[in-house]
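As provided, query_6.txt (compact mmCIF, C-alpha atoms) reads as follows.
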```txt
# COMPACT_ATOMS: atom_id res chain seq x y z
CA MET A 1 14.69 -162.36 70.00
CA ASN A 2 18.45 -162.80 70.53
CA MET A 3 21.09 -161.61 68.07
CA ASP A 4 21.62 -165.05 66.54
CA ALA A 5 17.89 -165.48 65.92
CA THR A 6 17.70 -162.00 64.42
CA THR A 7 20.59 -162.76 62.07
CA GLN A 8 19.08 -166.08 61.05
CA SER A 9 15.74 -164.41 60.39
CA ARG A 10 17.42 -161.83 58.13
CA ILE A 11 19.17 -164.62 56.24
CA LEU A 12 15.92 -166.50 55.74
CA GLU A 13 14.09 -163.40 54.54
CA ALA A 14 16.90 -162.49 52.17
CA GLY A 15 17.08 -166.07 50.93
CA LYS A 16 13.36 -166.19 50.30
CA ALA A 17 13.50 -162.96 48.30
CA GLU A 18 16.47 -164.18 46.24
CA PHE A 19 14.94 -167.60 45.49
CA LEU A 20 11.58 -166.08 44.59
CA ALA A 21 13.23 -163.60 42.25
CA LYS A 22 15.66 -165.98 40.52
CA GLY A 23 14.80 -169.59 41.32
CA PHE A 24 17.08 -171.95 43.19
CA GLU A 25 19.94 -172.56 40.80
CA PRO A 26 20.67 -168.96 39.72
CA ALA A 27 20.27 -167.66 43.29
CA SER A 28 23.48 -166.42 44.86
CA LEU A 29 24.55 -166.87 48.47
CA ARG A 30 26.69 -163.78 47.99
CA ALA A 31 23.60 -161.74 47.07
CA ILE A 32 21.67 -163.24 49.98
CA ALA A 33 24.47 -162.34 52.38
CA LYS A 34 24.61 -158.78 51.07
CA GLU A 35 20.85 -158.34 51.42
CA ALA A 36 20.91 -159.80 54.94
CA GLY A 37 23.85 -157.63 55.96
CA VAL A 38 26.07 -160.59 56.81
CA THR A 39 29.04 -162.43 55.33
CA THR A 40 28.65 -165.62 53.33
CA GLY A 41 30.56 -167.28 56.15
CA ALA A 42 27.77 -166.27 58.52
CA ILE A 43 25.26 -168.06 56.29
CA TYR A 44 27.38 -171.21 56.39
CA GLY A 45 27.22 -171.00 60.16
CA TYR A 46 23.50 -171.73 59.91
CA TYR A 47 23.18 -173.64 56.65
CA PRO A 48 25.87 -175.89 55.12
CA ASP A 49 24.84 -175.01 51.57
CA LYS A 50 22.27 -173.24 49.43
CA ALA A 51 20.04 -176.33 49.34
CA ALA A 52 19.84 -176.39 53.14
CA LEU A 53 18.79 -172.74 53.17
CA PHE A 54 16.10 -173.45 50.59
CA GLY A 55 14.96 -176.45 52.63
CA ALA A 56 14.67 -174.34 55.76
CA LEU A 57 12.17 -172.14 53.93
CA VAL A 58 9.95 -174.91 52.58
CA SER A 59 10.47 -178.20 54.39
CA GLU A 60 8.03 -177.83 57.29
CA PRO A 61 5.03 -176.55 55.26
CA ALA A 62 5.70 -179.10 52.50
CA GLN A 63 5.90 -181.98 54.97
CA GLN A 64 2.84 -180.83 56.90
CA LEU A 65 0.72 -180.52 53.76
CA ARG A 66 1.74 -183.97 52.57
CA ALA A 67 1.01 -185.41 56.03
CA PHE A 68 -2.44 -183.77 56.04
CA TYR A 69 -3.14 -185.04 52.53
CA LEU A 70 -2.08 -188.58 53.41
CA THR A 71 -4.21 -188.55 56.57
CA VAL A 72 -7.27 -187.44 54.59
CA GLN A 73 -6.75 -190.25 52.12
CA GLN A 74 -6.19 -192.85 54.84
CA GLU A 75 -9.24 -191.79 56.84
CA PHE A 76 -11.48 -191.96 53.80
CA ASP A 77 -9.97 -195.28 52.76
CA ALA A 78 -10.87 -196.72 56.18
CA LEU A 79 -14.59 -195.99 55.72
CA PRO A 80 -16.95 -198.83 54.75
CA PRO A 81 -17.44 -199.05 50.96
CA GLU A 82 -21.11 -198.08 51.15
CA VAL A 83 -20.21 -194.92 53.11
CA LYS A 84 -17.54 -194.05 50.55
CA ALA A 85 -20.09 -194.43 47.77
CA ARG A 86 -22.42 -191.79 49.17
CA SER A 87 -19.91 -189.37 50.73
CA MET A 88 -17.04 -189.20 48.24
CA HIS A 89 -17.85 -185.83 46.72
CA ASP A 90 -18.68 -183.99 49.94
CA TYR A 91 -15.64 -185.41 51.71
CA SER A 92 -13.29 -184.58 48.86
CA ALA A 93 -14.63 -181.06 48.37
CA ARG A 94 -14.22 -180.19 52.07
CA SER A 95 -10.76 -181.68 52.22
CA LEU A 96 -9.66 -179.84 49.10
CA GLU A 97 -10.73 -176.50 50.58
CA ASP A 98 -8.71 -177.28 53.72
CA PHE A 99 -5.80 -178.23 51.45
CA ILE A 100 -5.96 -174.88 49.68
CA GLY A 101 -6.39 -173.07 53.00
CA TYR A 102 -3.13 -174.51 54.29
CA ILE A 103 -1.30 -173.62 51.09
CA TYR A 104 -2.44 -170.02 51.40
CA GLU A 105 -1.37 -169.85 55.05
CA HIS A 106 2.15 -170.67 53.79
CA PHE A 107 1.93 -169.14 50.35
CA ASP A 108 5.57 -168.08 49.95
CA ALA A 109 6.83 -171.55 50.85
CA PHE A 110 4.59 -173.18 48.24
CA LYS A 111 5.46 -170.52 45.68
CA LEU A 112 9.07 -171.57 46.17
CA VAL A 113 8.14 -175.24 45.77
CA VAL A 114 5.96 -174.71 42.70
CA SER A 115 7.98 -172.10 40.81
CA CYS A 116 11.53 -172.05 42.14
CA SER A 117 12.53 -175.57 43.20
CA ALA A 118 14.21 -176.94 40.05
CA ARG A 119 17.38 -178.83 41.00
CA THR A 120 16.29 -179.25 44.62
CA GLU A 121 14.75 -182.23 46.41
CA TYR A 122 11.38 -180.44 46.17
CA GLU A 123 11.37 -180.33 42.37
CA HIS A 124 9.03 -183.33 42.23
CA TYR A 125 6.96 -182.51 45.30
CA ILE A 126 3.66 -182.35 43.40
CA ASP A 127 4.46 -185.72 41.83
CA SER A 128 4.77 -187.19 45.32
CA LEU A 129 1.21 -186.07 46.05
CA ILE A 130 0.02 -187.50 42.73
CA GLU A 131 1.47 -190.89 43.66
CA VAL A 132 -0.70 -190.89 46.78
CA GLU A 133 -3.74 -189.84 44.76
CA VAL A 134 -3.24 -192.60 42.20
CA TYR A 135 -2.88 -195.27 44.89
CA TYR A 136 -6.00 -194.28 46.79
CA THR A 137 -8.04 -193.74 43.63
CA GLN A 138 -7.35 -197.36 42.70
CA ARG A 139 -8.48 -198.43 46.17
CA TYR A 140 -11.66 -196.35 45.82
CA ILE A 141 -12.40 -198.05 42.49
CA SER A 142 -11.99 -201.44 44.16
CA ALA A 143 -14.33 -200.39 46.96
CA MET A 144 -16.99 -199.32 44.47
CA ARG A 145 -16.78 -202.70 42.81
CA GLU A 146 -17.32 -204.29 46.22
CA VAL A 147 -20.70 -202.58 46.53
CA GLY A 148 -21.80 -203.69 43.10
CA HIS A 149 -20.78 -200.95 40.69
CA ASP A 150 -19.78 -202.27 37.28
CA ILE A 151 -16.66 -200.17 36.83
CA PRO A 152 -14.49 -200.60 33.74
CA VAL A 153 -10.78 -201.30 34.04
CA ILE A 154 -8.88 -198.06 34.58
CA GLU A 155 -5.21 -198.55 33.80
CA GLU A 156 -2.80 -197.03 36.29
CA GLN A 157 -1.24 -194.94 33.53
CA MET A 158 -4.60 -193.34 32.75
CA ASN A 159 -5.23 -192.80 36.45
CA HIS A 160 -1.85 -191.09 36.70
CA ILE A 161 -2.51 -188.84 33.69
CA LEU A 162 -5.87 -187.69 35.07
CA SER A 163 -4.54 -187.19 38.60
CA SER A 164 -1.54 -185.26 37.30
CA ALA A 165 -3.73 -182.91 35.29
CA GLN A 166 -5.90 -182.26 38.34
CA TYR A 167 -3.13 -181.66 40.88
CA TYR A 168 -0.88 -179.63 38.64
CA GLY A 169 -4.01 -177.60 37.92
CA ILE A 170 -4.59 -177.07 41.63
CA PHE A 171 -1.09 -175.66 42.11
CA GLU A 172 -1.57 -173.29 39.17
CA THR A 173 -3.32 -171.07 41.72
CA VAL A 174 0.08 -170.58 43.35
CA ALA A 175 2.03 -170.32 40.10
CA HIS A 176 -0.26 -167.48 38.99
CA ASP A 177 -0.30 -165.68 42.36
CA MET A 178 -4.08 -165.87 42.68
CA SER A 179 -5.72 -164.43 45.76
CA LYS A 180 -7.11 -167.01 48.15
CA GLU A 181 -10.67 -166.04 47.20
CA LYS A 182 -9.91 -166.41 43.49
CA ALA A 183 -8.11 -169.68 44.14
CA LEU A 184 -11.07 -171.17 45.99
CA GLN A 185 -13.38 -170.17 43.14
CA TYR A 186 -10.98 -171.74 40.65
CA ILE A 187 -10.60 -174.91 42.70
CA ARG A 188 -14.35 -175.40 43.11
CA THR A 189 -14.79 -175.19 39.35
CA LEU A 190 -11.86 -177.53 38.79
CA TYR A 191 -13.29 -180.01 41.30
CA ASP A 192 -16.73 -179.96 39.65
CA PHE A 193 -15.06 -180.65 36.31
CA TYR A 194 -12.95 -183.57 37.50
CA SER A 195 -15.57 -185.14 39.77
CA ALA A 196 -18.09 -185.17 36.91
CA GLY A 197 -15.43 -186.58 34.61
CA TRP A 198 -14.48 -189.36 37.01
CA ASP A 199 -18.14 -190.22 37.60
CA ALA A 200 -18.61 -190.55 33.83
CA ILE A 201 -15.50 -192.66 33.38
CA LEU A 202 -16.41 -194.95 36.28
CA GLY A 203 -20.10 -195.14 35.41
CA LEU A 204 -21.16 -193.60 38.73
CA LYS A 205 -23.36 -190.81 37.35
```
Output the file's structure as structure tokens, nothing else.
Amino acid sequence: MNMDATTQSRILEAGKAEFLAKGFEPASLRAIAKEAGVTTGAIYGYYPDKAALFGALVSEPAQQLRAFYLTVQQEFDALPPEVKARSMHDYSARSLEDFIGYIYEHFDAFKLVVSCSARTEYEHYIDSLIEVEVYYTQRYISAMREVGHDIPVIEEQMNHILSSAQYYGIFETVAHDMSKEKALQYIRTLYDFYSAGWDAILGLK
């Protein structure tokens, strides 16, 4: 590793520690520079502002998780309706465990997103996932009607409320610093709760 890379690595580590301790807005570039053993000017040589430094810590994992999540939704959406009807729960449960696995491979980045991102572009990251969930849930409902299920009208607002409760619940594992093993246990229980609830609402029991 060359000197520039070593310096940048120290800045990133110091930035991560400062953001995790204080959140984005109260975090100080001066404190980050002191911890990294550099001047604030050296930080500006790598990152034009505090937001860019925060983004360097979270952008790739956040984008990759959203891309994975979108791919899962798109692949399931492309299945024939009758296949969706019989495979929804198994497919969703497996995908959710992979989702959690990725989060825990990049735990610090998602801790920053979940707990420290107020006043950054990542403040509404979970909401961006919920938007995807709402859209594809509506498409799943339409597919179930295609194969003959008499499903009541589910207003988009209700869909959004239920999806928000589920996905904010999922990220509580990060907010509460659960171990991966504890998180998986929590998520399986949460999934059982919401899948049974959706089945009851949609009349798919």
Q: Identify, on the basis of all atoms listed in the file, every residue whose closest approach to range 59-76 of chain A does not exceed 8 Å; exclude the query and any residue fewer than 3 positions from it along the same chain; express the result as a PyMOL selection string.
A: chain A and resi 55-56+79+84+95+99+102-103+106+109-110+129+132-133+136
Q: Just give me the gap between CA of Arg139 in chain A and CA of Thr189 in chain A in Å, one decimal is fine.
A: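 Between CA of Arg139 in chain A and CA of Thr189 in chain A the gap works out to 25.0 Å.
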Q: Mind giving me the straight-line distance from CA of Gly41 in chain A to CA of Leu12 in chain A in Å, one decimal?
A: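 Those two atoms sit 14.7 Å apart.
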Edge lengths and centre in Å, axis-aligned, range 119-130 of chain A plus 8 Å each side, as lines of an AutoDock Vina configuration file:
```
center_x = 8.7
center_y = -183.2
center_z = 43.7
size_x = 33.4
size_y = 24.7
size_z = 21.4
```
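CA of Phe24 in chain A is positioned 11.0 Å from CA of Glu121 in chain A.
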Could you name the residues that touch Arg119 in chain A at 10 Å or less, counting all atoms listed in the file, but leaving out those on the same chain fewer than 5 positions away, as a short mmCIF file (atom, residue, chain, number, x, y, z; two decimals) with C-alpha atoms, in the coordinates of the input?
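Below is the file that was written, result-v2.cif:
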```cif
data_model
loop_
_atom_site.label_atom_id
_atom_site.label_comp_id
_atom_site.auth_asym_id
_atom_site.auth_seq_id
_atom_site.Cartn_x
_atom_site.Cartn_y
_atom_site.Cartn_z
CA GLY A 23 14.80 -169.59 41.32
CA PHE A 24 17.08 -171.95 43.19
CA GLU A 25 19.94 -172.56 40.80
CA ALA A 51 20.04 -176.33 49.34
CA HIS A 124 9.03 -183.33 42.23
#
```
Contacts of range 65-101 of chain A with range 147-164 of chain A up to 10 Å, shortest pair per row, only C-alpha atoms, as CSV:
```
residue,atom,partner,partner_atom,distance
A:Pro80,CA,A:Val147,CA,9.8
A:Pro81,CA,A:Val147,CA,6.5
A:Glu82,CA,A:Val147,CA,6.5
A:Lys84,CA,A:Val147,CA,9.9
A:Ala85,CA,A:Val147,CA,8.3
```
Taking 6 positions as the minimum chain separation for residues in the same chain, which residues sit within 8 Å of range 30-39 of chain A when counting only C-alpha atoms? Answer as a short mmCIF file (atom, residue, chain, number, x, y, z; two decimals) with C-alpha atoms, in the frame of the given file.
```cif
data_model
loop_
_atom_site.label_atom_id
_atom_site.label_comp_id
_atom_site.auth_asym_id
_atom_site.auth_seq_id
_atom_site.Cartn_x
_atom_site.Cartn_y
_atom_site.Cartn_z
CA THR A 7 20.59 -162.76 62.07
CA ARG A 10 17.42 -161.83 58.13
CA ILE A 11 19.17 -164.62 56.24
CA GLU A 13 14.09 -163.40 54.54
CA ALA A 14 16.90 -162.49 52.17
CA GLY A 15 17.08 -166.07 50.93
CA GLU A 18 16.47 -164.18 46.24
#
```
Q: Determine the nearest neighbour of Leu96 in chain A from the options A:Ser179, A:Ser9, A:Thr137, A:Gln166, counting all atoms listed in the file.
A: A:Gln166
Q.
Excluding Leu112 in chain A and its own-chain neighbours fewer than 3 positions away, which residues fall within 8 Å of it when counting all atoms listed in the file? Please give them as a list in words.
A. Phe19, Leu20, Gly23, Val58, Asp108, Ala109, Ser115, Cys116 and Ser117 of chain A
Would you mind writing range 100-121 of chain A with N, CA and C atoms, as a compact mmCIF listing (two decimals), in the coordinates of the input?
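Result file part-v8.txt:
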```txt
# COMPACT_ATOMS: atom_id res chain seq x y z
N ILE A 100 -6.26 -176.21 50.22
CA ILE A 100 -5.96 -174.88 49.68
C ILE A 100 -5.75 -173.88 50.81
N GLY A 101 -6.55 -173.97 51.86
CA GLY A 101 -6.39 -173.07 53.00
C GLY A 101 -4.99 -173.15 53.58
N TYR A 102 -4.47 -174.36 53.73
CA TYR A 102 -3.13 -174.51 54.29
C TYR A 102 -2.08 -173.93 53.34
N ILE A 103 -2.24 -174.17 52.06
CA ILE A 103 -1.30 -173.62 51.09
C ILE A 103 -1.25 -172.10 51.21
N TYR A 104 -2.41 -171.48 51.35
CA TYR A 104 -2.44 -170.02 51.40
C TYR A 104 -1.99 -169.46 52.75
N GLU A 105 -1.98 -170.26 53.78
CA GLU A 105 -1.37 -169.85 55.05
C GLU A 105 0.15 -169.81 54.94
N HIS A 106 0.70 -170.56 53.98
CA HIS A 106 2.15 -170.67 53.79
C HIS A 106 2.48 -170.41 52.32
N PHE A 107 1.90 -169.36 51.80
CA PHE A 107 1.93 -169.14 50.35
C PHE A 107 3.36 -169.05 49.82
N ASP A 108 4.22 -168.27 50.48
CA ASP A 108 5.57 -168.08 49.95
C ASP A 108 6.33 -169.40 49.86
N ALA A 109 6.14 -170.25 50.86
CA ALA A 109 6.83 -171.55 50.85
C ALA A 109 6.38 -172.38 49.64
N PHE A 110 5.08 -172.38 49.37
CA PHE A 110 4.59 -173.18 48.24
C PHE A 110 4.88 -172.50 46.90
N LYS A 111 5.00 -171.20 46.90
CA LYS A 111 5.46 -170.52 45.68
C LYS A 111 6.88 -170.96 45.36
N LEU A 112 7.72 -171.07 46.38
CA LEU A 112 9.07 -171.57 46.17
C LEU A 112 9.06 -173.00 45.63
N VAL A 113 8.21 -173.84 46.21
CA VAL A 113 8.14 -175.24 45.77
C VAL A 113 7.66 -175.33 44.32
N VAL A 114 6.60 -174.60 44.01
CA VAL A 114 5.96 -174.71 42.70
C VAL A 114 6.79 -174.06 41.59
N SER A 115 7.37 -172.91 41.87
CA SER A 115 7.98 -172.10 40.81
C SER A 115 9.49 -171.98 40.86
N CYS A 116 10.11 -172.36 41.97
CA CYS A 116 11.53 -172.05 42.14
C CYS A 116 12.38 -173.23 42.59
N SER A 117 11.85 -174.44 42.55
CA SER A 117 12.53 -175.57 43.20
C SER A 117 13.32 -176.47 42.25
N ALA A 118 13.44 -176.11 40.98
CA ALA A 118 14.21 -176.94 40.05
C ALA A 118 15.61 -177.15 40.58
N ARG A 119 16.07 -178.40 40.53
CA ARG A 119 17.38 -178.83 41.00
C ARG A 119 17.46 -178.90 42.52
N THR A 120 16.33 -178.98 43.18
CA THR A 120 16.29 -179.25 44.62
C THR A 120 15.52 -180.54 44.86
N GLU A 121 15.51 -181.02 46.09
CA GLU A 121 14.75 -182.23 46.41
C GLU A 121 13.24 -182.00 46.34
```
